[in-house]
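Below is one structure; the comments refer to it alone.
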Protein chains: 2
Amino acid sequence: MPYGDSAILYKIKKGSFGEMLEVETAHEIGHLGPLIAKLGLHGRLTERDETAIADAPYTLVDYQRNQRIATFSKVPPCVYVLTSGIACLSIIASDGRRQITRLLLPGDFCNAFDAKPSASMEGIDILAPTRMAAIPDAAFRHISASSSMQNTLLASVIDAAASARVLIASLGRGNARSRVAFLLCDLARRMTERRLLKASGDPLPLRQEHIADATGLTGVHVNRMLAQLRRERLLSGGGTIVQIADMPGLRAAAGLKQL
Amino acid sequence: MPYGDSAILYKIKKGSFGEMLEVETAHEIGHLGPLIAKLGLHGRLTERDETAIADAPYTLVDYQRNQRIATFSKVPPCVYVLTSGIACLSIIASDGRRQITRLLLPGDFCNAFDAKPSASMEGIDILAPTRMAAIPDAAFRHISASSSMQNTLLASVIDAAASARVLIASLGRGNARSRVAFLLCDLARRMTERRLLKASGDPLPLRQEHIADATGLTGVHVNRMLAQLRRERLLSGGGTIVQIADMPGLRAAAGLKQL
DNA sequence: CGTGTCGTTGAGGCCTGTCAACCTACGTGG
DNA sequence: CCACGTAGGTTGACAGGCCTCAACGACACG
């Protein structure tokens with residue numbers, strides 16, 4: 001391992017502790033495409049910016065499902081960017097239940113900008129096998145020095161804050177059906193923007209328990225809401241598979257005028 | 001009026017339309033202190049930064065209670081900073097009910113960084129008589145050019161996003177009592193940080209209806225929760241007055257481990 | 001004194017949580 | 001091949017928290 005010790009992490013729920021669940025692989029090429037795709041949504045990157053990202057040094061780190069990451073402690077310090085899989089920021093309430101506050105997709109930062117697990121009470125949960133690129137801080141400072149990158153990063157954080165506030169409205173004013181509909185719409189939109197879904201009907205990478213933790217509902221009730229949305233032909237698929245069958249209808253079910 | 005037309009706005013709820021509810025006054029000195037206080041929470045401003053803010057040109061605009069502002073259209077374009085009073089960002093759900101997504105306090109931006117009413121489905125509601133300083137964009141660019149200001153502004157937006165996610169956890173996992181407790185704790189903390197409350201027991205500038213719209217509850221149920229929290233000696237005051245009597249107890253009632 | 005705003009209280013119903021049981025799919029080991 | 005365990009999903013019965021509707025009180029203001 002090129003860089004000191006690895007991330008501090010522990011499995012949530014019952015499961016085998018002790019074994020280190022992250023796997024670090026050698027540097028490879030071409031894993032920062034999702035980051036470029038994401039930043040391109042929030043600002044116009046120059047040719048120089050894109051090549052700087054593409055040429056950045058990084059180390060790949062793999063995480064397994066159900067890990068919870070409290071802090072990243074790689075030496076030298078690194079900026080972690082999710083490159084494949086799916087994770088989330090979550091907060092554990094005093095009754096022990098988890099609230100997912102944001103889904104982290106390929107291209108999202110895991111310990112800067114989008115997320116700062118050590119600074120807040122949030123942790124990062126891995127929802128499916130996930131890979132991150134760890135870019136040394138010094139290299140990242142070089143990437144982000146240009147004014148176009150500065151503006152783009154600021155815009156992406158402003159957008160994240162605005163998205164969080166729309167989610168606040170969904171949780172505060174929506175019933176169970178509209179909360180589930182909103183979550184699925186929002187996830188599909190974000191994944192489509194980044195070319196992570198080929199067609200809008202592709203299955204979404206979420207278990208019912210994840211939907212429950214993101215909407216503030218219970219798994220049992222999420223199951224009933226999914227069954228209802230399937231009866232209404234807004235969703236398709238069965239069992240573990242959640243597919244959007246009628247996006248306009250689902251947006252209407254989400255209950256917020258726009259999105 | 002020195003600058004073209006005024007803000008596009010309309011009153012929410014039944015009320016007298018037609019009359020222009022904003023009042024513009026001449027430039028005065030010393031109204032940007034709250035902005036310096038807020039930014040100082042997120043980064044270390046240089047002497048130059050602070051004097052640049054203090055010397056910035058601006059026009060004061062007053063707003064009355066219950067106005068809803070959709071867009072700011074002053075010419076030339078301006079950055080609006082709240083200097084006194086209280087406002088909020090809100091989203092109107094499809095059933096017509098309002099969800100307050102963020103309270104705007106003196107020092108907060110109203111059409112940049114903290115809020116971008118024209119870009120999202122959010123609007124700004126004035127909760128109490130409020131005054132804003134409108135700084136011409138060109139002057140603001142001059143203020144925010146330094147790297148210390150850039151870093152501070154970025155940090156303040158990252159903090160706003162993190163705060164929004166904690167609120168998501170409160171709405172998603174909390175019951176009515178803990179949601180109300182969280183809102184009051186959070187508001188008191190923000191106001192205390194900016195020296196807007198002298199003592200922690202000072203009355204908070206919120207009506208029960210505002211608390212209801214911010215917590216996603218109904219006014220009737222907020223009333224019952226406030227009565228309960230008063231019986232528990234966590235709050236004091238009666239009628240319109242909401243005062244925190246036991247901050248540690250209220251934090252515990254909020255139900256999130258930290259904050 | 002009329003009007004409007006805001007707060008307070010009571011009765012009843014619905015939505016969602018809780019508990020429990022069962023099912024399917026899948027992998028493992030004998 | 002089957003027995004077994006686990007994870008995830010499905011369904012039913014019941015309870016409780018919050019909403020809804022309604023009426024009333026307190027207070028400010030013209």
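All residue names refer to the structure tokens as shown: chains lettered A, B, ... in order, residues numbered from 1 in each chain, ligands numbered from 1 in order.
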Skip segment 7-24 of chain D itself and residues of its chain fewer than 4 positions away, then list as a ChimeraX atom specification all residues within 10 Å of it, counting only C-alpha atoms (C1' of nucleotides). /A:207-209,219-220,223-224,227,238-240 /B:175-176,217-218,220-221 /C:8-26
List the spatial neighbours of Ile244 of chain B as an MDAnalysis selection string - criterion: any atom at most 10 Å away, only C-alpha atoms (C1' of nucleotides), same-chain residues fewer than 5 positions off excluded. chainID B and resid 181 184:185 188 199:204 229:230 233:237 249:250
With C-alpha atoms retained, write the just-selected residues as an mmCIF file, in the first residue's frame.
```cif
data_model
loop_
_atom_site.group_PDB
_atom_site.id
_atom_site.type_symbol
_atom_site.label_atom_id
_atom_site.label_comp_id
_atom_site.auth_asym_id
_atom_site.auth_seq_id
_atom_site.Cartn_x
_atom_site.Cartn_y
_atom_site.Cartn_z
ATOM 1 C CA ALA B 181 -37.341 21.275 19.784
ATOM 2 C CA LEU B 184 -35.926 26.174 18.215
ATOM 3 C CA CYS B 185 -32.456 24.923 19.204
ATOM 4 C CA ALA B 188 -31.269 29.955 18.832
ATOM 5 C CA ALA B 199 -29.244 35.980 26.335
ATOM 6 C CA SER B 200 -30.188 32.435 25.457
ATOM 7 C CA GLY B 201 -33.589 32.984 27.055
ATOM 8 C CA ASP B 202 -34.539 35.852 24.766
ATOM 9 C CA PRO B 203 -37.797 35.452 22.851
ATOM 10 C CA LEU B 204 -37.450 33.926 19.396
ATOM 11 C CA LEU B 229 -42.566 21.736 26.193
ATOM 12 C CA ARG B 230 -43.641 24.549 28.507
ATOM 13 C CA ARG B 233 -40.005 23.532 31.681
ATOM 14 C CA LEU B 234 -37.941 23.377 28.489
ATOM 15 C CA LEU B 235 -39.638 26.514 27.196
ATOM 16 C CA SER B 236 -41.032 29.547 28.929
ATOM 17 C CA GLY B 237 -43.201 32.426 27.891
ATOM 18 C CA GLY B 249 -32.962 19.751 27.845
ATOM 19 C CA LEU B 250 -34.287 21.080 24.572
#
```
Measure the distance from atom CA of Gly174 of chain B to atom CA of Thr101 of chain B in Å and round it to one decimal. 16.2 Å
So how many Å separate atom CA of Leu60 of chain B and atom CA of Asp114 of chain B, to one decimal?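 Atom CA of Leu60 of chain B sits 19.2 Å away from atom CA of Asp114 of chain B.
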Up to 7 Å from chain B, what residues of chain A turn up? Count only C-alpha atoms and give them as number ranges by chain. A: 91, 93-94, 99, 101, 113, 121, 154, 157-158, 160-161, 164-165, 168-169, 171-173, 215-216, 255-258
Interatomic distance between atom CA of Phe72 of chain B and atom CA of Leu41 of chain A? 24.9 Å
Assign secondary structure with DSSP using the backbone only, and return the residues of segment 123-246 of chain A in helix (DSSP H, G or I) as a VMD selection string. chain A and resid 137 to 143 147 to 173 176 to 193 208 to 215 219 to 231
Using DSSP assignments from the backbone, pull out every residue in segment 128-192 of chain B that falls under strand (DSSP E or B) and give it to me as a list of chain:residue names.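 Filtering segment 128-192 of chain B to strand (DSSP E or B) leaves B:Ala128, B:Pro129, B:Thr130, B:Arg131, B:Met132, B:Ala133, B:Ala134, B:Ile135, B:Pro136.
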